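Heads up, entry-v4.txt below (compact mmCIF, C-alpha atoms and all ligand atoms):
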# COMPACT_ATOMS: atom_id res chain seq x y z
CA MET A 1 210.01 126.18 36.79
CA GLU A 2 213.15 124.17 36.77
CA LYS A 3 212.43 120.47 37.35
CA THR A 4 214.80 120.06 40.31
CA LEU A 5 213.28 123.10 42.02
CA LEU A 6 209.80 121.65 41.52
CA VAL A 7 210.87 118.33 43.04
CA TYR A 8 212.45 120.19 45.93
CA LEU A 9 209.30 122.20 46.56
CA LEU A 10 207.14 119.09 46.41
CA LEU A 11 209.39 117.29 48.89
CA ALA A 12 209.53 120.30 51.21
CA SER A 13 205.75 120.73 51.18
CA SER A 14 205.09 117.03 51.83
CA ALA A 15 207.60 117.12 54.73
CA LEU A 16 205.82 120.18 56.10
CA LEU A 17 202.46 118.44 55.72
CA ALA A 18 203.78 115.37 57.57
CA GLN A 19 205.16 117.60 60.32
CA THR A 20 201.87 119.49 60.67
CA GLN A 21 199.93 116.23 60.70
CA SER A 22 202.25 114.65 63.29
CA SER A 23 202.32 117.68 65.59
CA SER A 24 198.57 117.33 66.16
CA LEU A 25 198.81 113.66 67.17
CA LYS A 26 197.27 112.86 70.53
CA VAL A 27 198.04 109.99 72.86
CA ASN A 28 195.15 108.23 74.59
CA GLN A 29 195.46 108.92 78.33
CA GLN A 30 192.72 106.43 79.21
CA ARG A 31 194.46 103.66 77.34
CA ILE A 32 197.75 104.45 79.10
CA ASP A 33 196.03 104.53 82.51
CA GLY A 34 194.24 101.25 81.80
CA ARG A 35 197.44 99.47 80.86
CA LEU A 36 199.29 100.76 83.90
CA LEU A 37 196.45 99.41 86.05
CA GLU A 38 196.55 96.04 84.29
CA LEU A 39 200.32 95.78 84.70
CA ALA A 40 199.96 96.66 88.38
CA LYS A 41 198.06 93.38 88.89
CA PHE A 42 201.22 91.33 88.39
CA GLY A 43 202.96 91.08 91.74
CA ALA A 44 200.34 93.41 93.27
CA GLN A 45 200.89 94.45 96.86
CA PRO A 46 198.94 97.01 98.87
CA GLY A 47 199.43 100.24 96.90
CA GLY A 48 202.27 98.96 94.75
CA ALA A 49 203.95 95.92 93.29
CA SER A 50 206.79 93.47 93.83
CA ARG A 51 207.77 92.39 90.36
CA VAL A 52 211.47 91.86 90.77
CA GLY A 53 213.38 90.84 87.67
CA TYR A 54 213.06 87.10 86.79
CA SER A 55 210.38 86.43 89.46
CA LYS A 56 207.08 84.70 88.62
CA ALA A 57 205.32 88.08 88.76
CA ASP A 58 207.88 89.54 86.36
CA GLN A 59 207.37 86.61 83.99
CA GLN A 60 203.59 87.09 84.08
CA GLY A 61 203.87 90.85 83.55
CA ARG A 62 206.15 90.25 80.60
CA THR A 63 203.69 87.78 79.04
CA TYR A 64 200.91 90.37 79.36
CA PHE A 65 203.07 93.08 77.84
CA ILE A 66 204.33 90.91 74.98
CA GLY A 67 200.69 90.23 74.13
CA LEU A 68 200.00 93.97 73.91
CA MET A 69 203.08 94.51 71.76
CA ARG A 70 201.97 91.79 69.33
CA LYS A 71 198.47 93.25 69.22
CA ALA A 72 200.07 96.56 68.21
CA GLY A 73 201.58 94.74 65.22
CA LEU A 74 205.15 94.75 66.50
CA ASP A 75 207.48 91.97 65.48
CA VAL A 76 208.40 90.77 68.99
CA SER A 77 211.50 88.85 69.95
CA ILE A 78 213.37 88.10 73.18
CA ASP A 79 217.12 88.58 73.05
CA PHE A 80 219.67 86.46 74.94
CA ALA A 81 219.40 88.68 78.06
CA GLY A 82 215.62 88.45 78.05
CA ASN A 83 215.07 91.98 76.75
CA ILE A 84 211.76 92.26 74.91
CA ILE A 85 212.25 93.86 71.50
CA GLY A 86 209.31 94.99 69.39
CA ARG A 87 210.21 96.02 65.84
CA ARG A 88 208.16 98.16 63.48
CA LYS A 89 209.31 98.52 59.90
CA GLY A 90 210.26 101.92 58.50
CA LYS A 91 210.11 103.16 54.93
CA ASN A 92 213.88 103.09 54.67
CA PRO A 93 215.30 99.76 55.89
CA ALA A 94 218.83 101.08 55.34
CA LEU A 95 218.38 103.41 58.31
CA LYS A 96 219.24 102.25 61.82
CA PRO A 97 216.27 101.92 64.17
CA ILE A 98 215.17 104.60 66.61
CA GLY A 99 214.67 102.96 70.00
CA PHE A 100 212.45 103.93 72.92
CA GLY A 101 211.10 102.13 76.00
CA SER A 102 212.12 101.33 79.57
CA HIS A 103 211.55 98.40 81.96
CA ILE A 104 208.61 96.70 83.69
CA ASP A 105 210.41 94.99 86.60
CA THR A 106 210.24 96.69 90.02
CA VAL A 107 212.23 96.85 93.24
CA PRO A 108 210.89 94.63 96.05
CA ASN A 109 207.78 96.32 97.42
CA GLY A 110 207.99 99.05 94.80
CA GLY A 111 205.51 101.20 92.93
CA ASN A 112 203.57 101.11 89.69
CA TYR A 113 205.21 103.90 87.70
CA ASP A 114 208.99 103.42 87.71
CA GLY A 115 209.81 101.95 84.30
CA THR A 116 206.22 101.09 83.43
CA VAL A 117 205.42 104.69 82.45
CA GLY A 118 208.12 104.65 79.76
CA SER A 119 207.19 101.13 78.65
CA VAL A 120 203.45 101.75 78.36
CA SER A 121 204.05 105.15 76.73
CA GLY A 122 206.40 103.54 74.20
CA LEU A 123 203.61 101.14 73.27
CA GLU A 124 201.17 104.05 73.11
CA LEU A 125 203.47 105.74 70.61
CA VAL A 126 203.19 102.69 68.36
CA ASP A 127 199.40 102.57 68.74
CA VAL A 128 199.08 106.24 67.82
CA LEU A 129 201.23 105.75 64.71
CA ASN A 130 199.10 102.74 63.76
CA GLU A 131 195.85 104.65 64.24
CA ASN A 132 197.10 107.48 62.05
CA ASN A 133 198.60 105.20 59.38
CA ILE A 134 202.02 106.74 59.87
CA VAL A 135 205.06 104.82 58.76
CA THR A 136 208.31 106.43 59.87
CA GLU A 137 211.42 106.59 57.72
CA HIS A 138 213.47 104.74 60.32
CA PRO A 139 212.54 101.34 61.66
CA LEU A 140 211.39 101.65 65.28
CA GLU A 141 212.24 99.45 68.27
CA LEU A 142 210.25 99.35 71.47
CA LEU A 143 212.78 98.04 74.01
CA ILE A 144 211.62 96.62 77.33
CA PHE A 145 214.84 95.92 79.20
CA SER A 146 215.09 93.01 81.62
CA ASN A 147 215.99 93.32 85.29
CA GLU A 148 216.69 97.05 85.31
CA GLU A 149 216.34 97.21 89.07
CA GLY A 150 218.97 94.52 89.54
CA GLY A 151 221.60 96.87 88.06
CA THR A 152 220.47 97.59 84.45
CA ILE A 153 221.21 94.00 83.52
CA GLY A 154 219.36 93.69 80.18
CA SER A 155 220.65 97.00 78.83
CA GLY A 156 224.09 96.21 80.29
CA ALA A 157 224.09 92.92 78.37
CA MET A 158 223.27 94.85 75.20
CA ILE A 159 226.56 96.73 75.55
CA GLY A 160 228.48 93.62 76.56
CA LYS A 161 229.26 94.33 80.20
CA ILE A 162 227.78 91.34 82.02
CA THR A 163 230.64 89.23 83.40
CA PRO A 164 230.65 85.50 84.26
CA ALA A 165 230.94 86.49 87.96
CA ALA A 166 227.79 88.61 87.70
CA LEU A 167 225.91 85.70 86.09
CA LYS A 168 226.66 83.55 89.14
CA ALA A 169 225.40 86.14 91.65
CA VAL A 170 222.07 85.49 93.34
CA THR A 171 219.49 88.13 92.39
CA GLN A 172 216.52 89.50 94.34
CA SER A 173 214.37 86.81 92.70
CA GLY A 174 216.31 84.11 94.55
CA LEU A 175 217.64 82.82 91.22
CA THR A 176 221.18 83.33 90.03
CA MET A 177 221.35 85.88 87.23
CA ALA A 178 222.05 83.05 84.77
CA ASP A 179 219.00 81.03 85.86
CA GLY A 180 216.91 84.19 85.97
CA ILE A 181 217.83 85.02 82.39
CA ARG A 182 216.85 81.46 81.39
CA ALA A 183 213.53 81.83 83.25
CA ILE A 184 212.53 84.76 81.03
CA GLY A 185 213.50 83.13 77.76
CA GLY A 186 217.10 84.31 77.41
CA ASN A 187 220.33 82.36 77.19
CA PRO A 188 223.15 83.48 79.52
CA ASP A 189 225.70 81.43 77.56
CA SER A 190 225.11 83.49 74.42
CA LEU A 191 225.20 87.03 75.81
CA SER A 192 228.24 87.89 73.72
CA LYS A 193 226.20 87.29 70.56
CA MET A 194 223.65 89.98 71.39
CA VAL A 195 226.11 92.81 71.99
CA ARG A 196 225.31 95.82 69.85
CA LYS A 197 227.91 98.15 68.39
CA LYS A 198 228.05 101.90 68.40
CA GLY A 199 225.70 103.06 65.68
CA ASP A 200 223.42 100.00 65.73
CA LEU A 201 220.65 102.27 67.02
CA ALA A 202 220.10 105.72 65.51
CA ALA A 203 218.97 107.02 68.92
CA PHE A 204 217.21 105.93 72.11
CA VAL A 205 214.66 107.96 74.06
CA GLU A 206 213.32 106.98 77.49
CA LEU A 207 210.38 108.55 79.26
CA HIS A 208 210.52 108.05 83.05
CA ILE A 209 209.06 109.39 86.25
CA GLU A 210 211.40 111.87 87.93
CA GLN A 211 211.53 109.89 91.21
CA GLY A 212 212.39 113.12 93.00
CA GLY A 213 210.40 116.22 93.90
CA ILE A 214 211.91 118.99 91.76
CA LEU A 215 209.33 119.15 88.96
CA GLU A 216 206.43 119.04 91.42
CA LYS A 217 207.95 121.70 93.67
CA GLU A 218 208.59 124.02 90.72
CA ASN A 219 205.21 123.19 89.20
CA LEU A 220 206.75 122.06 85.90
CA GLN A 221 205.44 119.45 83.49
CA ILE A 222 208.56 118.10 81.78
CA GLY A 223 212.15 117.44 82.85
CA VAL A 224 214.85 117.25 80.20
CA VAL A 225 217.63 115.05 81.54
CA GLU A 226 221.19 116.22 80.96
CA GLY A 227 223.13 113.61 82.93
CA ILE A 228 222.55 110.36 84.82
CA VAL A 229 224.55 109.41 87.91
CA GLY A 230 226.93 106.47 88.07
CA ILE A 231 226.17 103.76 90.63
CA GLU A 232 228.52 101.32 92.32
CA ASP A 233 227.39 98.75 94.85
CA TRP A 234 229.41 96.63 97.19
CA GLU A 235 228.43 93.55 99.14
CA VAL A 236 230.13 93.93 102.52
CA THR A 237 230.80 90.86 104.66
CA ILE A 238 231.57 91.33 108.34
CA LEU A 239 232.78 88.29 110.25
CA GLY A 240 232.81 88.26 114.05
CA THR A 241 232.52 85.45 116.56
CA PRO A 242 229.08 83.98 117.27
CA ASN A 243 228.79 83.31 120.97
CA HIS A 244 226.35 83.07 123.89
CA ALA A 245 224.59 86.43 124.42
CA GLY A 246 224.13 85.80 128.12
CA THR A 247 227.48 84.48 129.21
CA THR A 248 229.91 86.49 127.08
CA PRO A 249 230.96 89.70 128.85
CA MET A 250 230.56 92.94 126.93
CA ASN A 251 234.32 93.48 126.80
CA ASN A 252 234.95 90.07 125.27
CA ARG A 253 232.81 90.12 122.15
CA HIS A 254 233.49 90.25 118.43
CA ASP A 255 230.02 91.35 117.45
CA ALA A 256 229.57 91.51 113.68
CA MET A 257 226.30 93.42 114.01
CA LEU A 258 227.85 96.12 116.16
CA ALA A 259 230.66 96.53 113.62
CA ALA A 260 228.05 96.70 110.85
CA ALA A 261 226.19 99.44 112.70
CA LYS A 262 229.40 101.44 113.16
CA LEU A 263 230.29 100.97 109.51
CA THR A 264 226.83 102.13 108.43
CA ILE A 265 227.32 105.35 110.39
CA ALA A 266 230.85 105.74 109.03
CA ILE A 267 229.58 105.45 105.45
CA ASN A 268 227.06 108.21 106.13
CA GLU A 269 229.79 110.37 107.67
CA VAL A 270 232.13 109.89 104.71
CA ILE A 271 229.43 110.75 102.17
CA THR A 272 228.17 113.81 104.03
CA SER A 273 231.61 115.20 104.87
CA HIS A 274 232.16 116.29 101.25
CA GLU A 275 230.60 119.06 99.21
CA GLY A 276 228.43 117.92 96.32
CA ARG A 277 225.41 115.83 95.48
CA GLN A 278 226.90 112.37 96.07
CA VAL A 279 224.71 109.89 97.94
CA GLY A 280 225.54 106.69 99.78
CA THR A 281 223.16 104.13 101.22
CA VAL A 282 223.22 100.89 103.16
CA GLY A 283 219.92 99.40 102.01
CA LYS A 284 220.31 95.75 102.79
CA ILE A 285 221.32 93.69 105.78
CA ALA A 286 221.40 89.99 106.69
CA VAL A 287 222.45 88.87 110.14
CA GLU A 288 223.57 85.36 111.09
CA PRO A 289 222.65 83.31 112.93
CA GLY A 290 219.87 85.83 113.66
CA ALA A 291 218.65 84.99 117.16
CA TYR A 292 217.93 87.12 120.23
CA ASN A 293 220.37 85.15 122.33
CA VAL A 294 223.34 84.78 119.99
CA ILE A 295 225.98 87.45 119.37
CA PRO A 296 225.95 87.89 115.59
CA GLY A 297 228.84 86.10 113.89
CA LYS A 298 228.23 87.29 110.35
CA VAL A 299 226.58 90.28 108.73
CA MET A 300 226.15 91.04 105.07
CA LEU A 301 225.48 94.65 104.12
CA GLY A 302 224.46 95.95 100.72
CA MET A 303 225.92 99.39 100.14
CA GLU A 304 225.91 101.75 97.16
CA ILE A 305 227.43 105.12 96.26
CA ARG A 306 226.20 107.38 93.43
CA ASP A 307 227.60 110.50 91.81
CA LEU A 308 227.97 112.13 88.41
CA SER A 309 231.74 111.65 88.74
CA TYR A 310 233.00 108.09 88.65
CA ASP A 311 236.31 109.15 90.22
CA LYS A 312 234.50 110.71 93.13
CA ILE A 313 232.52 107.51 93.77
CA TRP A 314 235.78 105.60 94.03
CA SER A 315 237.60 108.15 96.17
CA LEU A 316 234.65 108.09 98.59
CA PHE A 317 234.81 104.31 98.60
CA ARG A 318 238.52 104.39 99.49
CA GLU A 319 237.65 106.52 102.51
CA VAL A 320 234.95 104.04 103.51
CA GLU A 321 237.48 101.22 103.19
CA ASN A 322 239.87 103.02 105.56
CA ARG A 323 237.12 103.56 108.11
CA ALA A 324 236.21 99.86 107.80
CA LYS A 325 239.81 98.81 108.51
CA GLU A 326 239.75 100.79 111.75
CA ILE A 327 236.33 99.45 112.80
CA ALA A 328 237.48 95.88 112.11
CA ARG A 329 240.66 96.40 114.15
CA VAL A 330 238.86 97.82 117.16
CA SER A 331 235.99 95.29 117.10
CA GLY A 332 238.09 92.21 116.35
CA THR A 333 236.09 91.45 113.20
CA THR A 334 237.05 91.17 109.56
CA ILE A 335 235.38 93.35 106.96
CA THR A 336 235.64 92.57 103.26
CA PHE A 337 234.09 94.31 100.25
CA ARG A 338 233.06 92.35 97.19
CA GLN A 339 233.83 94.59 94.24
CA PRO A 340 230.85 95.80 92.18
CA LEU A 341 229.71 93.12 89.73
CA THR A 342 227.76 95.42 87.44
CA PRO A 343 229.30 98.91 87.57
CA VAL A 344 227.02 101.58 86.14
CA THR A 345 229.02 104.54 84.89
CA PRO A 346 227.65 108.10 84.78
CA ALA A 347 226.25 109.14 81.41
CA LEU A 348 225.42 112.30 79.55
CA THR A 349 222.42 112.53 77.26
CA ALA A 350 222.89 113.82 73.70
CA LYS A 351 222.46 117.58 73.31
CA PRO A 352 220.64 117.32 69.95
CA ILE A 353 218.05 115.00 71.55
CA GLN A 354 217.71 117.34 74.56
CA ASP A 355 216.99 120.11 72.05
CA LYS A 356 214.30 118.04 70.35
CA ILE A 357 212.66 117.26 73.68
CA ILE A 358 212.69 120.97 74.53
CA LEU A 359 211.25 121.88 71.15
CA ALA A 360 208.49 119.28 71.57
CA ALA A 361 207.67 120.52 75.09
CA LYS A 362 207.62 124.14 73.91
CA SER A 363 205.43 123.47 70.89
CA LEU A 364 202.98 121.54 73.07
CA GLY A 365 202.87 124.40 75.56
CA PHE A 366 204.42 122.41 78.42
CA SER A 367 206.64 124.01 81.04
CA TYR A 368 210.02 122.35 81.41
CA ARG A 369 213.50 122.53 82.86
CA THR A 370 216.77 120.69 82.38
CA MET A 371 217.93 118.48 85.24
CA GLN A 372 220.13 115.62 86.41
CA SER A 373 218.94 112.10 87.20
CA GLY A 374 219.89 110.73 90.61
CA ALA A 375 218.36 107.39 89.65
CA GLY A 376 219.99 104.92 87.32
CA HIS A 377 218.40 104.09 83.98
CA ASP A 378 218.75 101.76 81.02
CA SER A 379 219.47 104.87 78.93
CA GLN A 380 222.83 105.21 80.59
CA GLU A 381 223.91 101.80 79.34
CA VAL A 382 222.50 102.49 75.88
CA SER A 383 224.45 105.79 75.82
CA HIS A 384 227.57 103.69 75.14
CA ILE A 385 226.22 102.67 71.73
CA ALA A 386 223.77 105.42 70.73
CA PRO A 387 222.84 109.02 71.45
CA VAL A 388 220.19 108.96 74.18
CA GLY A 389 217.58 111.34 75.52
CA MET A 390 215.47 111.16 78.67
CA ILE A 391 212.17 112.83 79.46
CA PHE A 392 211.02 113.14 83.07
CA ILE A 393 207.51 113.75 84.37
CA PRO A 394 206.60 114.74 87.95
CA SER A 395 206.47 112.24 90.81
CA VAL A 396 203.88 113.20 93.40
CA GLY A 397 205.65 113.95 96.69
CA GLY A 398 208.95 113.03 95.06
CA ILE A 399 208.45 109.44 96.25
CA SER A 400 209.72 106.41 94.35
CA HIS A 401 210.88 102.83 94.95
CA SER A 402 207.90 102.66 97.30
CA PRO A 403 204.25 101.62 97.01
CA LYS A 404 203.48 105.33 97.52
CA GLU A 405 205.06 106.16 94.16
CA PHE A 406 202.49 108.03 92.03
CA SER A 407 202.33 110.14 88.91
CA LYS A 408 199.17 111.79 87.60
CA GLY A 409 197.57 110.45 84.42
CA VAL A 410 197.68 113.86 82.78
CA ASP A 411 201.41 114.22 83.47
CA ILE A 412 202.06 110.76 82.05
CA ALA A 413 200.06 111.59 78.93
CA ASN A 414 202.03 114.85 78.54
CA GLY A 415 205.27 112.91 78.77
CA ALA A 416 204.03 110.31 76.29
CA THR A 417 203.14 113.08 73.82
CA VAL A 418 206.60 114.62 74.20
CA LEU A 419 208.11 111.16 73.65
CA LEU A 420 206.04 110.72 70.50
CA GLN A 421 207.00 114.13 69.13
CA THR A 422 210.66 113.63 69.98
CA VAL A 423 210.81 110.29 68.16
CA LEU A 424 209.04 111.81 65.13
CA ALA A 425 211.48 114.74 65.15
CA LEU A 426 214.41 112.31 65.24
CA ASP A 427 212.84 110.42 62.37
CA ARG A 428 212.63 113.59 60.25
CA GLU A 429 216.40 114.11 60.43
C1 LIG B 501 217.18 102.33 89.49
O1 LIG B 501 215.98 102.51 89.56
C2 LIG B 501 218.03 102.90 90.48
O2 LIG B 501 218.26 104.12 90.41
O3 LIG B 501 218.41 102.17 91.40
MN MN B 502 213.90 102.10 89.81
MN MN B 503 213.32 102.92 86.38
Write out the structure in this file as structure tokens.
Amino acid sequence: MEKTLLVYLLLASSALLAQTQSSSLKVNQQRIDGRLLELAKFGAQPGGASRVGYSKADQQGRTYFIGLMRKAGLDVSIDFAGNIIGRRKGKNPALKPIGFGSHIDTVPNGGNYDGTVGSVSGLELVDVLNENNIVTEHPLELLIFSNEEGGTIGSGAMIGKITPAALKAVTQSGLTMADGIRAIGGNPDSLSKMVRKKGDLAAFVELHIEQGGILEKENLQIGVVEGIVGIEDWEVTILGTPNHAGTTPMNNRHDAMLAAAKLTIAINEVITSHEGRQVGTVGKIAVEPGAYNVIPGKVMLGMEIRDLSYDKIWSLFREVENRAKEIARVSGTTITFRQPLTPVTPALTAKPIQDKIILAAKSLGFSYRTMQSGAGHDSQEVSHIAPVGMIFIPSVGGISHSPKEFSKGVDIANGATVLLQTVLALDRE
């Protein structure tokens, strides 16, 4: 036999052997469950957790998780935005790393699965490789992004989009973003030095709970994400005239709260008056001075609009602005919108990675469908510098961003296995 043919056959058979060996790899559901339970202790609240980015609970959760990453043999570092990066060497250091992971911060009064499922499953992937003495060709990076719920801040910093104005904004933790980043070991003054270029990662794959009810309703095990919505949020300030609630006649008031209520309804009307899957929410309100017997002089609303089309988000916002002008005129208030500080643009996942996720699901015997993500994700920031893929698993009752958020252990383990197989398939390329 010709020598080159022999070498080819040897290489092909060893690749086939590696593929056969890797396709039988199993994740450890108990270990995943145990770690999710442990993580849930940081910022625990009845049924869920409040572990908002940069808070004490977030810091403690991160310390716990960093310990696990080190135990798994990862070379752990914290970048300037406070992202936790765990590196595992590959056989070929010339190759760019394959990344996977998610986030471990939560919304206030949130659940125990959003972000943590992808983070714990990413770590599980590393443990399974360790247990089976598998060294991939590519280096691997487990990425735990900081403050995802505050507007994909850590992943946004990785693509260079965090502005000085955003760093000054006060976050849910009570700290400014700059101080928050310092509190988790980052350095807000050096964010420009951590920006990654297109091609710095070979690929990024994120496993996440669906956060909606489609998979559960259709009795499917895996969602293959095709696109992720864009999200814009505006801080709205409404200024009226604070005055005595007993002595000021109803026809002589400039009530900021009343204007805020009308604006909230107007936003809902604008969003629902168009065809499509756009959503708009007023999810935050602060009233000043905030007393039974004082007509509110100032209201701050937090409002967001999401859609797969960035242009549509902005045309809806222009309509909201027009309605606000009219409400302000009639109520004698002023209404101003602070422009979004951390715009999150819609993103498409990479078709070749979708195909690998589908192949992995099929070969494991899991039912699946392709779908959109109505939630924002770190993957959409990473999509600016690398091809990304996202795997969804069912959310019981379609509930998320709530202590009632729940995903079954078996579904999480299925997703973790698909993640593992997808990363190995990417590595074989
Ligand atoms: C992130 O979880 C978001 O969709 O707000
Ligand atoms: Mn979330
Ligand atoms: Mn999330």
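Considering the residues A:Ile357, A:Leu25, A:Val344, A:Val120 and counting all atoms listed in the file, ligand LIG 501 (chain B) has its shortest atom-to-atom contact with A:Val344.
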Long-range neighbours of Asp127 in chain A as a PyMOL selection string, 9 Å cut-off, only C-alpha atoms, 5 positions minimum in chain:
chain A and resi 27+72-73+122+132
Nearest to Gly154 in chain A, chosen from A:Val117, A:Ala328, A:Leu348, A:Val382, with all atoms listed in the file counted in the distances
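Among the listed residues, A:Val382 lies closest to Gly154 in chain A.
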Minimum-distance residue to Pro242 in chain A, chosen among A:Pro394, A:Gly290, A:Gly227, A:Gly150 (using all atoms listed in the file):
A:Gly290
Quick check, in Å to one decimal: how far apart do CA of Pro249 in chain A and CA of Thr264 in chain A lie?
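Separation of CA of Pro249 in chain A and CA of Thr264 in chain A: 24.3 Å.
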Selection near Ala361 in chain A, 10 Å with all atoms listed in the file, sequence-local residues under 2 positions removed, as an MDAnalysis selection string:
chainID A and resid 221:224 355:359 363:369 391 414:415 417:419 421:422
Rounded to one decimal in Å, what is the spacing between CA of Lys161 in chain A and CA of Val236 in chain A?
22.3 Å
All file atoms of range 272-284 of chain A boxed axis-aligned, 5 Å per side, centre plus edges, as AutoDock Vina command-line options:
--center_x 226.0 --center_y 107.4 --center_z 100.2 --size_x 22.2 --size_y 33.3 --size_z 19.4
Near-ligand residues for ligand LIG 501 (chain B), threshold 8 Å, all atoms listed in the file, as a list in words:
Val107, Asp114, Glu148, Glu149, Gly150, Gly151, Thr152, Ile231, Gly374, Ala375, Gly376, His377 and His401 of chain A
Keeping only C-alpha atoms, write the selected residues as a PDB file, in the frame of the given file.
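The resulting file, part30.pdb, is shown below:
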ATOM      1  CA  VAL A 107     212.230  96.850  93.240  1.00  0.00           C
ATOM      2  CA  ASP A 114     208.990 103.420  87.710  1.00  0.00           C
ATOM      3  CA  GLU A 148     216.690  97.050  85.310  1.00  0.00           C
ATOM      4  CA  GLU A 149     216.340  97.210  89.070  1.00  0.00           C
ATOM      5  CA  GLY A 150     218.970  94.520  89.540  1.00  0.00           C
ATOM      6  CA  GLY A 151     221.600  96.870  88.060  1.00  0.00           C
ATOM      7  CA  THR A 152     220.470  97.590  84.450  1.00  0.00           C
ATOM      8  CA  ILE A 231     226.170 103.760  90.630  1.00  0.00           C
ATOM      9  CA  GLY A 374     219.890 110.730  90.610  1.00  0.00           C
ATOM     10  CA  ALA A 375     218.360 107.390  89.650  1.00  0.00           C
ATOM     11  CA  GLY A 376     219.990 104.920  87.320  1.00  0.00           C
ATOM     12  CA  HIS A 377     218.400 104.090  83.980  1.00  0.00           C
ATOM     13  CA  HIS A 401     210.880 102.830  94.950  1.00  0.00           C
TER      14      HIS A 401
END
Polymer residues at most 7 Å from Phe42 in chain A, all atoms listed in the file, same-chain spacing of 5 or more positions, as a PDB file with C-alpha atoms, keeping the file's coordinate frame:
ATOM      1  CA  ARG A  51     207.770  92.390  90.360  1.00  0.00           C
ATOM      2  CA  ALA A  57     205.320  88.080  88.760  1.00  0.00           C
ATOM      3  CA  GLN A  60     203.590  87.090  84.080  1.00  0.00           C
ATOM      4  CA  GLY A  61     203.870  90.850  83.550  1.00  0.00           C
TER       5      GLY A  61
END
List as number ranges by chain the protein and nucleic acid residues lying within 12 Å of ligand MN 503 (chain B), with all atoms listed in the file counted.
A: 101-107, 110-119, 144-152, 206-211, 228, 373-380, 390, 392, 400-401, 405
Long-range neighbours of Leu201 in chain A as a list in words, 8 Å cut-off, all atoms listed in the file, 5 positions minimum in chain
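The contact residues come out as Lys96, Pro97, Ile98, Gly99, Ile385 and Ala386 of chain A.
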